[in-house]
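Next comes data.txt, a file with compact mmCIF, C-alpha atoms.
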```txt
# COMPACT_ATOMS: atom_id res chain seq x y z
CA MET A 1 -17.03 -1.28 5.99
CA PRO A 2 -14.83 -0.68 9.07
CA GLY A 3 -12.46 2.27 9.37
CA GLN A 4 -13.03 5.85 8.25
CA SER A 5 -14.64 4.83 4.97
CA SER A 6 -17.38 6.42 2.89
CA PRO A 7 -18.50 6.20 -0.74
CA ASP A 8 -15.97 8.93 -1.64
CA VAL A 9 -13.24 7.40 0.54
CA PRO A 10 -14.02 3.70 0.19
CA PHE A 11 -11.08 2.22 2.11
CA GLY A 12 -10.41 4.98 4.64
CA VAL A 13 -7.74 7.66 4.49
CA MET A 14 -4.65 6.23 6.21
CA LEU A 15 -3.55 2.73 5.20
CA SER A 16 -0.20 0.98 5.08
CA ALA A 17 0.86 -1.88 2.88
CA MET A 18 1.76 -4.07 5.84
CA VAL A 19 4.94 -6.12 5.96
CA THR A 20 4.53 -9.84 6.59
CA PRO A 21 6.32 -10.81 9.80
CA PHE A 22 8.44 -13.94 9.53
CA LYS A 23 10.15 -16.01 12.18
CA ALA A 24 13.92 -16.34 12.20
CA ASP A 25 13.69 -19.45 9.99
CA GLY A 26 11.63 -17.57 7.39
CA SER A 27 8.28 -19.15 8.25
CA LEU A 28 5.15 -17.10 8.83
CA ASP A 29 4.75 -15.37 12.17
CA LEU A 30 0.95 -15.17 12.39
CA ASP A 31 0.96 -14.03 16.01
CA GLY A 32 3.39 -11.32 15.00
CA ALA A 33 1.14 -10.27 12.13
CA GLN A 34 -1.74 -9.82 14.56
CA THR A 35 0.42 -7.85 17.00
CA LEU A 36 1.74 -5.57 14.26
CA ALA A 37 -1.71 -5.00 12.75
CA THR A 38 -3.11 -4.14 16.17
CA HIS A 39 -0.27 -1.67 16.78
CA LEU A 40 -0.82 0.08 13.45
CA VAL A 41 -4.57 0.39 13.92
CA ASP A 42 -4.70 1.19 17.62
CA ASN A 43 -1.52 3.28 18.01
CA LEU A 44 -0.71 4.77 14.61
CA SER A 45 -4.09 6.00 13.32
CA HIS A 46 -4.58 3.46 10.54
CA ASP A 47 -8.04 3.26 8.99
CA GLY A 48 -7.03 0.15 7.10
CA LEU A 49 -4.28 -2.21 5.98
CA VAL A 50 -3.31 -3.70 2.67
CA ILE A 51 -2.25 -7.31 3.20
CA ASN A 52 -0.17 -9.35 0.74
CA GLY A 53 1.03 -6.39 -1.30
CA THR A 54 4.57 -5.79 -2.51
CA THR A 55 5.75 -4.63 0.90
CA GLY A 56 4.12 -7.76 2.29
CA GLU A 57 6.50 -9.79 0.08
CA SER A 58 3.64 -11.37 -1.84
CA PRO A 59 5.90 -12.60 -4.67
CA THR A 60 7.64 -14.98 -2.26
CA LYS A 61 4.59 -16.25 -0.39
CA THR A 62 2.36 -19.14 -1.35
CA ASP A 63 -1.37 -18.76 -1.88
CA GLU A 64 -1.93 -20.66 1.35
CA GLU A 65 0.35 -18.30 3.26
CA ASP A 66 -1.46 -15.29 1.80
CA VAL A 67 -4.80 -16.57 3.07
CA ALA A 68 -3.35 -17.46 6.47
CA VAL A 69 -1.93 -13.94 6.99
CA LEU A 70 -5.15 -12.36 5.75
CA ARG A 71 -7.29 -14.41 8.13
CA ALA A 72 -5.00 -13.61 11.06
CA VAL A 73 -5.14 -9.86 10.43
CA ILE A 74 -8.91 -9.87 9.93
CA GLU A 75 -9.30 -11.72 13.22
CA ALA A 76 -7.13 -9.13 14.99
CA VAL A 77 -8.43 -5.83 13.59
CA GLY A 78 -11.09 -6.54 10.98
CA ASP A 79 -13.82 -5.18 13.22
CA ARG A 80 -12.28 -1.69 13.28
CA ALA A 81 -10.12 -1.37 10.16
CA THR A 82 -10.66 -1.92 6.45
CA ILE A 83 -8.64 -4.93 5.29
CA VAL A 84 -7.70 -4.90 1.62
CA ALA A 85 -6.19 -8.05 0.14
CA GLY A 86 -3.56 -7.83 -2.57
CA VAL A 87 -4.56 -10.36 -5.23
CA GLY A 88 -2.82 -9.12 -8.37
CA THR A 89 -0.47 -11.35 -10.34
CA ASN A 90 0.55 -11.49 -13.99
CA ASP A 91 -1.84 -14.42 -14.54
CA THR A 92 -5.48 -13.41 -14.70
CA ALA A 93 -6.81 -16.84 -13.75
CA HIS A 94 -4.49 -16.94 -10.73
CA SER A 95 -5.62 -13.43 -9.71
CA VAL A 96 -9.28 -14.43 -10.00
CA GLY A 97 -8.65 -17.42 -7.75
CA ALA A 98 -6.81 -15.25 -5.24
CA ALA A 99 -9.70 -12.76 -5.26
CA ARG A 100 -12.21 -15.48 -4.49
CA ALA A 101 -10.01 -16.88 -1.73
CA ALA A 102 -9.62 -13.42 -0.18
CA ALA A 103 -13.38 -12.85 -0.28
CA ALA A 104 -13.96 -16.21 1.39
CA ALA A 105 -11.45 -15.25 4.09
CA GLY A 106 -13.42 -12.12 4.91
CA ALA A 107 -11.47 -9.32 3.18
CA HIS A 108 -13.30 -6.01 2.85
CA GLY A 109 -11.72 -5.08 -0.48
CA LEU A 110 -9.22 -6.17 -3.12
CA MET A 111 -6.16 -4.60 -4.71
CA ALA A 112 -4.83 -5.76 -8.08
CA VAL A 113 -1.53 -4.52 -9.48
CA THR A 114 -1.02 -4.14 -13.21
CA PRO A 115 0.25 -7.48 -14.57
CA TYR A 116 4.04 -7.50 -14.58
CA TYR A 117 6.67 -8.97 -16.89
CA ASN A 118 4.33 -10.03 -19.70
CA ARG A 119 3.53 -6.35 -20.50
CA PRO A 120 -0.04 -6.71 -21.79
CA PRO A 121 -1.61 -4.12 -24.09
CA GLN A 122 -4.19 -1.74 -22.67
CA ALA A 123 -7.02 -3.97 -23.90
CA GLY A 124 -5.49 -6.78 -21.87
CA LEU A 125 -5.41 -4.58 -18.77
CA ILE A 126 -9.11 -3.81 -19.13
CA ALA A 127 -9.99 -7.48 -19.53
CA HIS A 128 -7.72 -8.44 -16.62
CA PHE A 129 -9.20 -5.94 -14.16
CA TYR A 130 -12.76 -6.69 -15.28
CA ALA A 131 -12.20 -10.41 -14.70
CA ILE A 132 -11.00 -9.81 -11.16
CA ALA A 133 -13.82 -7.37 -10.43
CA ASP A 134 -16.37 -9.86 -11.77
CA ALA A 135 -15.03 -12.65 -9.56
CA THR A 136 -16.44 -11.34 -6.24
CA GLU A 137 -18.79 -8.73 -4.84
CA LEU A 138 -15.91 -6.82 -3.20
CA PRO A 139 -14.76 -3.33 -4.24
CA LEU A 140 -11.53 -3.36 -6.24
CA LEU A 141 -8.60 -0.97 -6.10
CA THR A 142 -6.28 -1.02 -9.13
CA TYR A 143 -2.57 -0.41 -8.57
CA ASP A 144 -0.57 1.52 -11.16
CA ILE A 145 3.20 1.24 -10.64
CA PRO A 146 4.92 1.03 -14.04
CA LYS A 147 8.44 1.24 -12.60
CA ARG A 148 7.83 -2.25 -11.19
CA THR A 149 5.46 -3.75 -13.75
CA GLY A 150 6.75 -2.31 -17.02
CA THR A 151 3.24 -1.23 -18.08
CA ALA A 152 1.37 1.93 -17.14
CA ILE A 153 -2.40 2.22 -17.03
CA GLU A 154 -3.20 4.92 -19.59
CA THR A 155 -5.83 7.60 -19.02
CA GLU A 156 -8.28 6.19 -21.56
CA THR A 157 -7.92 2.78 -19.91
CA PHE A 158 -8.80 4.28 -16.54
CA VAL A 159 -11.89 5.81 -18.12
CA ARG A 160 -12.93 2.36 -19.34
CA ILE A 161 -12.24 0.44 -16.14
CA ALA A 162 -13.97 3.10 -14.05
CA GLU A 163 -17.21 2.08 -15.77
CA HIS A 164 -17.18 -1.18 -13.80
CA PRO A 165 -19.32 -0.75 -10.67
CA ARG A 166 -16.85 -2.59 -8.43
CA ILE A 167 -13.66 -0.87 -9.65
CA VAL A 168 -13.85 2.06 -7.28
CA ALA A 169 -10.32 3.32 -6.69
CA ASN A 170 -6.71 3.40 -7.83
CA LYS A 171 -3.44 3.29 -5.94
CA ASP A 172 -1.12 5.67 -7.77
CA ALA A 173 2.62 4.99 -7.70
CA LYS A 174 3.23 6.22 -11.24
CA GLY A 175 4.87 9.47 -10.18
CA ASP A 176 3.03 11.44 -12.88
CA LEU A 177 0.94 14.22 -11.37
CA ASP A 178 -0.30 15.41 -14.75
CA ALA A 179 -1.67 11.98 -15.63
CA ALA A 180 -3.22 11.65 -12.17
CA GLN A 181 -5.13 14.91 -12.38
CA TRP A 182 -6.49 14.03 -15.84
CA VAL A 183 -7.84 10.71 -14.58
CA MET A 184 -9.36 12.32 -11.50
CA ALA A 185 -11.01 14.92 -13.72
CA ARG A 186 -12.49 12.31 -16.07
CA THR A 187 -13.54 9.54 -13.67
CA ASP A 188 -15.05 9.12 -10.22
CA LEU A 189 -12.30 6.75 -9.07
CA ALA A 190 -11.16 7.40 -5.51
CA TRP A 191 -7.46 8.26 -5.75
CA TYR A 192 -4.98 6.79 -3.27
CA SER A 193 -1.37 7.89 -3.18
CA GLY A 194 0.95 4.92 -3.28
CA ASP A 195 4.15 6.97 -3.23
CA ASP A 196 5.11 8.33 0.18
CA GLU A 197 7.11 11.24 -1.22
CA LEU A 198 4.09 12.39 -3.26
CA HIS A 199 1.27 12.07 -0.71
CA LEU A 200 0.96 15.81 -0.21
CA PRO A 201 1.10 16.78 -3.92
CA LEU A 202 -1.48 14.10 -4.74
CA PHE A 203 -3.76 15.26 -1.92
CA ALA A 204 -3.45 18.78 -3.30
CA ILE A 205 -4.88 17.70 -6.66
CA GLY A 206 -7.62 15.45 -5.34
CA ALA A 207 -6.37 12.23 -3.76
CA VAL A 208 -8.55 11.03 -0.88
CA GLY A 209 -6.17 8.70 0.92
CA MET A 210 -2.80 7.01 0.98
CA ILE A 211 -1.39 3.50 1.04
CA SER A 212 1.95 4.01 2.70
CA VAL A 213 5.16 2.23 3.59
CA VAL A 214 6.47 4.77 6.09
CA GLY A 215 3.08 4.59 7.80
CA HIS A 216 4.48 1.63 9.72
CA LEU A 217 6.47 4.25 11.66
CA VAL A 218 4.62 7.57 11.23
CA GLY A 219 1.05 6.71 10.31
CA ASP A 220 -0.27 9.07 12.97
CA ARG A 221 1.65 12.00 11.47
CA LEU A 222 0.50 11.15 7.95
CA ALA A 223 -3.08 11.05 9.22
CA GLN A 224 -2.56 14.51 10.73
CA MET A 225 -1.22 15.77 7.41
CA ALA A 226 -4.27 14.43 5.57
CA ALA A 227 -6.56 16.02 8.15
CA ALA A 228 -4.80 19.36 7.68
CA VAL A 229 -5.37 19.16 3.92
CA ARG A 230 -9.05 18.38 4.43
CA ALA A 231 -9.31 21.36 6.78
CA GLY A 232 -7.72 23.64 4.18
CA ASP A 233 -4.62 24.24 6.29
CA MET A 234 -1.93 23.69 3.69
CA THR A 235 0.65 25.51 5.82
CA GLN A 236 0.30 22.87 8.53
CA ALA A 237 0.23 20.07 5.96
CA ARG A 238 3.50 21.31 4.43
CA LYS A 239 5.05 21.61 7.89
CA ILE A 240 4.24 17.98 8.67
CA ASN A 241 5.41 16.81 5.25
CA ASN A 242 8.70 18.71 5.50
CA ALA A 243 9.42 17.12 8.87
CA LEU A 244 8.85 13.70 7.33
CA LEU A 245 11.26 14.15 4.42
CA PRO A 246 14.16 12.39 6.21
CA VAL A 247 11.84 9.44 6.92
CA TYR A 248 10.91 9.10 3.25
CA ARG A 249 14.57 9.31 2.29
CA GLY A 250 15.66 6.78 4.87
CA ILE A 251 13.05 4.15 4.07
CA PHE A 252 13.66 4.35 0.33
CA ARG A 253 17.45 4.35 0.25
CA THR A 254 16.94 0.69 -0.63
CA GLN A 255 13.88 -1.54 -1.13
CA GLY A 256 11.08 -0.53 1.25
CA ALA A 257 10.33 -3.92 2.80
CA ILE A 258 14.00 -4.28 3.73
CA THR A 259 14.23 -0.96 5.54
CA THR A 260 10.78 -1.14 7.10
CA LYS A 261 11.49 -4.54 8.58
CA ALA A 262 14.88 -3.32 9.81
CA ALA A 263 13.24 -0.35 11.53
CA LEU A 264 10.51 -2.47 13.09
CA ASN A 265 13.09 -4.97 14.35
CA GLU A 266 14.99 -2.09 15.97
CA LEU A 267 11.80 -1.07 17.73
CA GLY A 268 11.15 -4.60 18.96
CA MET A 269 8.04 -4.97 16.82
CA PRO A 270 7.24 -8.23 15.00
CA SER A 271 8.93 -8.22 11.63
CA GLY A 272 11.77 -10.70 11.23
CA PRO A 273 13.86 -11.24 8.10
CA VAL A 274 12.97 -10.74 4.47
CA ARG A 275 12.85 -13.60 2.01
CA LEU A 276 15.19 -14.00 -0.93
CA PRO A 277 15.73 -12.46 -3.41
CA LEU A 278 15.47 -9.59 -0.93
CA VAL A 279 18.26 -9.47 1.63
CA ASP A 280 18.26 -7.96 5.09
CA ALA A 281 19.74 -4.52 5.69
CA THR A 282 23.50 -4.44 6.20
CA PRO A 283 24.92 -2.96 9.41
CA GLU A 284 25.91 0.14 7.44
CA GLN A 285 22.43 0.50 5.98
CA LEU A 286 20.87 0.07 9.41
CA THR A 287 23.13 2.75 10.90
CA GLN A 288 22.16 5.20 8.16
CA LEU A 289 18.49 4.29 8.50
CA CYS A 290 18.55 4.97 12.22
CA ARG A 291 20.13 8.38 11.56
CA ASP A 292 17.49 9.23 8.98
CA LEU A 293 14.63 8.17 11.24
CA ALA A 294 16.08 10.10 14.16
CA GLU A 295 16.33 13.19 11.96
CA GLY A 296 12.70 12.67 11.01
CA GLY A 297 11.64 12.53 14.64
CA VAL A 298 10.53 8.90 14.67
CA ALA A 299 9.95 7.75 18.25
CA GLY A 300 12.49 5.17 19.39
CA PHE A 301 15.39 6.45 17.28
CA SER A 302 18.12 8.86 18.34
CA ALA A 303 21.02 10.40 16.45
```
Step by step, read the file and then write its structure as structure tokens.
Amino acid sequence: MPGQSSPDVPFGVMLSAMVTPFKADGSLDLDGAQTLATHLVDNLSHDGLVINGTTGESPTKTDEEDVAVLRAVIEAVGDRATIVAGVGTNDTAHSVGAARAAAAAGAHGLMAVTPYYNRPPQAGLIAHFYAIADATELPLLTYDIPKRTGTAIETETFVRIAEHPRIVANKDAKGDLDAAQWVMARTDLAWYSGDDELHLPLFAIGAVGMISVVGHLVGDRLAQMAAAVRAGDMTQARKINNALLPVYRGIFRTQGAITTKAALNELGMPSGPVRLPLVDATPEQLTQLCRDLAEGGVAGFSA
């Protein structure tokens, strides 16, 4: 698999959940997607990219658009970065179909979020993730984010799903460090931080990588922080993390795709508008975002 991957770090260390660039009329900007992916991999130290995740506005894209973006990104950087396709929905059959389509398009791995809105029991989560994992030969990353889905993956459920040979990792956006360390102690799942503000604490208790939003802007610095942790230099890791606090704050003052696209547009990178029900950043929000990013030392922004 491309990127800095290994059996213990199956998708690489530094990944971002990439935004989906749109043209001014809201249609896909596939050339822009390739340009942005190339920038993240070649200039901002990304080992991989998650395509068609939440930050990629997957809820407002068609299946055909998802495959088109995935193919474009694989063509641009798939030889040197791990490309993970988001395939999770709240319909297992739909997710299975998306997994098969992603595999056919050449994805290196899959990510499936906990089914949202219908709030399945834990037995339903196990069956759902097993069905997706059984659909292809690709490694699967589960995604636990109960603040969005309404259902958390419980520790005993992780123990069960970790028995599947193709369920190899979890993206953790639960915000529960105690639960995370219990699962890491009881399973061999590779743990990926999915919460930018908690990357460093999760690394400290055993996470191997991160799937970031702010990585669109500071992926190189996040990669340096991860390298410092691996080298045992927690003083340096804390120094980097502390310098990034204004960036975390700025990007998450409102929904992350909104602010990330606003920042990328300011930098002249392909991004474009968001799709409803998201709305583009207001002038006031953009002004504050630029201040936050300048405070965080993001290149291209000044106070």
- Distance in Å - CA of Arg238 in chain A versus CA of Ser6 in chain A: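 Going from CA of Arg238 in chain A over to CA of Ser6 in chain A, I get 25.7 Å.
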- Message: Would you pick out the contacts of Val69 in chain A at 7 Å or less, using only C-alpha atoms, so that residues sharing its chain but fewer than 4 positions from it are not included, and give the list as a list of chain:residue names?
- Response: A:Leu30, A:Glu65, A:Val73
- Item | Atomic separation - CA of Arg148 in chain A relative to CA of Leu40 in chain A, Å |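 Separation of CA of Leu40 in chain A and CA of Arg148 in chain A: 26.2 Å.
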- Counting all atoms listed in the file, the option among A:Leu189, A:Ala228, A:Leu70, A:Val218 closest to Ala104 in chain A: A:Leu70
Contacts of Ala76 in chain A within 12 Å, all atoms listed in the file, excl. fewer than 4 positions in-chain, as a PDB file with C-alpha atoms, keeping the file's coordinate frame:
```
ATOM      1  CA  LEU A  30       0.950 -15.170  12.390  1.00  0.00           C
ATOM      2  CA  ASP A  31       0.960 -14.030  16.010  1.00  0.00           C
ATOM      3  CA  GLY A  32       3.390 -11.320  15.000  1.00  0.00           C
ATOM      4  CA  ALA A  33       1.140 -10.270  12.130  1.00  0.00           C
ATOM      5  CA  GLN A  34      -1.740  -9.820  14.560  1.00  0.00           C
ATOM      6  CA  THR A  35       0.420  -7.850  17.000  1.00  0.00           C
ATOM      7  CA  LEU A  36       1.740  -5.570  14.260  1.00  0.00           C
ATOM      8  CA  ALA A  37      -1.710  -5.000  12.750  1.00  0.00           C
ATOM      9  CA  THR A  38      -3.110  -4.140  16.170  1.00  0.00           C
ATOM     10  CA  HIS A  39      -0.270  -1.670  16.780  1.00  0.00           C
ATOM     11  CA  LEU A  40      -0.820   0.080  13.450  1.00  0.00           C
ATOM     12  CA  VAL A  41      -4.570   0.390  13.920  1.00  0.00           C
ATOM     13  CA  ASP A  42      -4.700   1.190  17.620  1.00  0.00           C
ATOM     14  CA  LEU A  49      -4.280  -2.210   5.980  1.00  0.00           C
ATOM     15  CA  VAL A  69      -1.930 -13.940   6.990  1.00  0.00           C
ATOM     16  CA  LEU A  70      -5.150 -12.360   5.750  1.00  0.00           C
ATOM     17  CA  ARG A  71      -7.290 -14.410   8.130  1.00  0.00           C
ATOM     18  CA  ALA A  72      -5.000 -13.610  11.060  1.00  0.00           C
ATOM     19  CA  ARG A  80     -12.280  -1.690  13.280  1.00  0.00           C
ATOM     20  CA  ALA A  81     -10.120  -1.370  10.160  1.00  0.00           C
ATOM     21  CA  THR A  82     -10.660  -1.920   6.450  1.00  0.00           C
ATOM     22  CA  ILE A  83      -8.640  -4.930   5.290  1.00  0.00           C
TER      23      ILE A  83
END
```
With the cut-off set at 12 Å and counting only C-alpha atoms, tabulate each residue of range 167-232 of chain A with an atom at most that distance from an atom of range 128-138 of chain A, showing the nearest atom pair and its distance in Å to one decimal, ordered by chain and increasing number, as a tab-separated table.
```
residue	atom	partner	partner_atom	distance
A:Ile167	CA	A:Ala133	CA	6.5
A:Val168	CA	A:Ala133	CA	9.9
A:Ala169	CA	A:Ala133	CA	11.9
A:Asn170	CA	A:Phe129	CA	11.6
```
Completed range 171-182 of chain A (all heavy atoms) as a PDB file, keeping the file's coordinate frame:
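Listing of part06.pdb after writing:
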```
ATOM      1  N   LYS A 171      -4.647   2.956  -6.706  1.00  0.00           N
ATOM      2  CA  LYS A 171      -3.440   3.290  -5.940  1.00  0.00           C
ATOM      3  C   LYS A 171      -2.399   3.770  -6.948  1.00  0.00           C
ATOM      4  O   LYS A 171      -1.986   3.026  -7.839  1.00  0.00           O
ATOM      5  CB  LYS A 171      -2.923   2.074  -5.170  1.00  0.00           C
ATOM      6  CG  LYS A 171      -1.610   2.340  -4.420  1.00  0.00           C
ATOM      7  CD  LYS A 171      -1.075   1.079  -3.750  1.00  0.00           C
ATOM      8  CE  LYS A 171       0.266   1.346  -3.092  1.00  0.00           C
ATOM      9  NZ  LYS A 171       0.855   0.114  -2.508  1.00  0.00           N
ATOM     10  N   ASP A 172      -1.978   5.007  -6.798  1.00  0.00           N
ATOM     11  CA  ASP A 172      -1.120   5.670  -7.770  1.00  0.00           C
ATOM     12  C   ASP A 172       0.329   5.700  -7.279  1.00  0.00           C
ATOM     13  O   ASP A 172       0.657   6.432  -6.349  1.00  0.00           O
ATOM     14  CB  ASP A 172      -1.631   7.089  -8.011  1.00  0.00           C
ATOM     15  CG  ASP A 172      -0.822   7.863  -9.040  1.00  0.00           C
ATOM     16  OD1 ASP A 172       0.140   7.304  -9.587  1.00  0.00           O
ATOM     17  OD2 ASP A 172      -1.166   9.033  -9.287  1.00  0.00           O
ATOM     18  N   ALA A 173       1.175   4.913  -7.939  1.00  0.00           N
ATOM     19  CA  ALA A 173       2.620   4.990  -7.700  1.00  0.00           C
ATOM     20  C   ALA A 173       3.341   5.213  -9.029  1.00  0.00           C
ATOM     21  O   ALA A 173       4.449   4.744  -9.235  1.00  0.00           O
ATOM     22  CB  ALA A 173       3.122   3.721  -7.020  1.00  0.00           C
ATOM     23  N   LYS A 174       2.676   5.931  -9.914  1.00  0.00           N
ATOM     24  CA  LYS A 174       3.230   6.220 -11.240  1.00  0.00           C
ATOM     25  C   LYS A 174       4.210   7.394 -11.197  1.00  0.00           C
ATOM     26  O   LYS A 174       5.114   7.489 -12.018  1.00  0.00           O
ATOM     27  CB  LYS A 174       2.093   6.526 -12.215  1.00  0.00           C
ATOM     28  CG  LYS A 174       2.528   6.739 -13.653  1.00  0.00           C
ATOM     29  CD  LYS A 174       1.336   7.078 -14.533  1.00  0.00           C
ATOM     30  CE  LYS A 174       0.486   5.850 -14.817  1.00  0.00           C
ATOM     31  NZ  LYS A 174      -0.696   6.164 -15.662  1.00  0.00           N
ATOM     32  N   GLY A 175       4.002   8.311 -10.258  1.00  0.00           N
ATOM     33  CA  GLY A 175       4.870   9.470 -10.180  1.00  0.00           C
ATOM     34  C   GLY A 175       4.610  10.487 -11.267  1.00  0.00           C
ATOM     35  O   GLY A 175       5.524  11.237 -11.653  1.00  0.00           O
ATOM     36  N   ASP A 176       3.391  10.543 -11.785  1.00  0.00           N
ATOM     37  CA  ASP A 176       3.030  11.440 -12.880  1.00  0.00           C
ATOM     38  C   ASP A 176       1.805  12.241 -12.454  1.00  0.00           C
ATOM     39  O   ASP A 176       0.666  11.804 -12.621  1.00  0.00           O
ATOM     40  CB  ASP A 176       2.738  10.622 -14.145  1.00  0.00           C
ATOM     41  CG  ASP A 176       2.500  11.475 -15.376  1.00  0.00           C
ATOM     42  OD1 ASP A 176       2.150  12.668 -15.218  1.00  0.00           O
ATOM     43  OD2 ASP A 176       2.649  10.955 -16.502  1.00  0.00           O
ATOM     44  N   LEU A 177       2.041  13.432 -11.891  1.00  0.00           N
ATOM     45  CA  LEU A 177       0.940  14.220 -11.370  1.00  0.00           C
ATOM     46  C   LEU A 177       0.014  14.708 -12.475  1.00  0.00           C
ATOM     47  O   LEU A 177      -1.202  14.832 -12.261  1.00  0.00           O
ATOM     48  CB  LEU A 177       1.492  15.423 -10.585  1.00  0.00           C
ATOM     49  CG  LEU A 177       2.291  15.094  -9.320  1.00  0.00           C
ATOM     50  CD1 LEU A 177       2.857  16.369  -8.710  1.00  0.00           C
ATOM     51  CD2 LEU A 177       1.435  14.358  -8.302  1.00  0.00           C
ATOM     52  N   ASP A 178       0.555  14.966 -13.642  1.00  0.00           N
ATOM     53  CA  ASP A 178      -0.300  15.410 -14.750  1.00  0.00           C
ATOM     54  C   ASP A 178      -1.276  14.313 -15.136  1.00  0.00           C
ATOM     55  O   ASP A 178      -2.477  14.557 -15.284  1.00  0.00           O
ATOM     56  CB  ASP A 178       0.561  15.811 -15.944  1.00  0.00           C
ATOM     57  CG  ASP A 178      -0.271  16.355 -17.090  1.00  0.00           C
ATOM     58  OD1 ASP A 178      -1.094  17.255 -16.859  1.00  0.00           O
ATOM     59  OD2 ASP A 178      -0.113  15.863 -18.228  1.00  0.00           O
ATOM     60  N   ALA A 179      -0.779  13.087 -15.290  1.00  0.00           N
ATOM     61  CA  ALA A 179      -1.670  11.980 -15.630  1.00  0.00           C
ATOM     62  C   ALA A 179      -2.710  11.761 -14.542  1.00  0.00           C
ATOM     63  O   ALA A 179      -3.887  11.510 -14.831  1.00  0.00           O
ATOM     64  CB  ALA A 179      -0.853  10.705 -15.853  1.00  0.00           C
ATOM     65  N   ALA A 180      -2.290  11.869 -13.280  1.00  0.00           N
ATOM     66  CA  ALA A 180      -3.220  11.650 -12.170  1.00  0.00           C
ATOM     67  C   ALA A 180      -4.365  12.651 -12.209  1.00  0.00           C
ATOM     68  O   ALA A 180      -5.536  12.284 -12.036  1.00  0.00           O
ATOM     69  CB  ALA A 180      -2.478  11.744 -10.839  1.00  0.00           C
ATOM     70  N   GLN A 181      -4.050  13.920 -12.428  1.00  0.00           N
ATOM     71  CA  GLN A 181      -5.130  14.910 -12.380  1.00  0.00           C
ATOM     72  C   GLN A 181      -6.081  14.758 -13.568  1.00  0.00           C
ATOM     73  O   GLN A 181      -7.286  15.015 -13.444  1.00  0.00           O
ATOM     74  CB  GLN A 181      -4.561  16.322 -12.292  1.00  0.00           C
ATOM     75  CG  GLN A 181      -3.731  16.790 -13.450  1.00  0.00           C
ATOM     76  CD  GLN A 181      -3.076  18.138 -13.150  1.00  0.00           C
ATOM     77  OE1 GLN A 181      -3.320  18.762 -12.115  1.00  0.00           O
ATOM     78  NE2 GLN A 181      -2.221  18.589 -14.060  1.00  0.00           N
ATOM     79  N   TRP A 182      -5.595  14.289 -14.702  1.00  0.00           N
ATOM     80  CA  TRP A 182      -6.490  14.030 -15.840  1.00  0.00           C
ATOM     81  C   TRP A 182      -7.459  12.901 -15.520  1.00  0.00           C
ATOM     82  O   TRP A 182      -8.652  12.975 -15.829  1.00  0.00           O
ATOM     83  CB  TRP A 182      -5.683  13.716 -17.092  1.00  0.00           C
ATOM     84  CG  TRP A 182      -5.318  14.941 -17.866  1.00  0.00           C
ATOM     85  CD1 TRP A 182      -4.098  15.554 -17.928  1.00  0.00           C
ATOM     86  CD2 TRP A 182      -6.202  15.729 -18.679  1.00  0.00           C
ATOM     87  NE1 TRP A 182      -4.155  16.667 -18.727  1.00  0.00           N
ATOM     88  CE2 TRP A 182      -5.439  16.796 -19.209  1.00  0.00           C
ATOM     89  CE3 TRP A 182      -7.547  15.646 -19.007  1.00  0.00           C
ATOM     90  CZ2 TRP A 182      -5.985  17.765 -20.049  1.00  0.00           C
ATOM     91  CZ3 TRP A 182      -8.100  16.607 -19.841  1.00  0.00           C
ATOM     92  CH2 TRP A 182      -7.329  17.652 -20.351  1.00  0.00           C
TER      93      TRP A 182
END
```
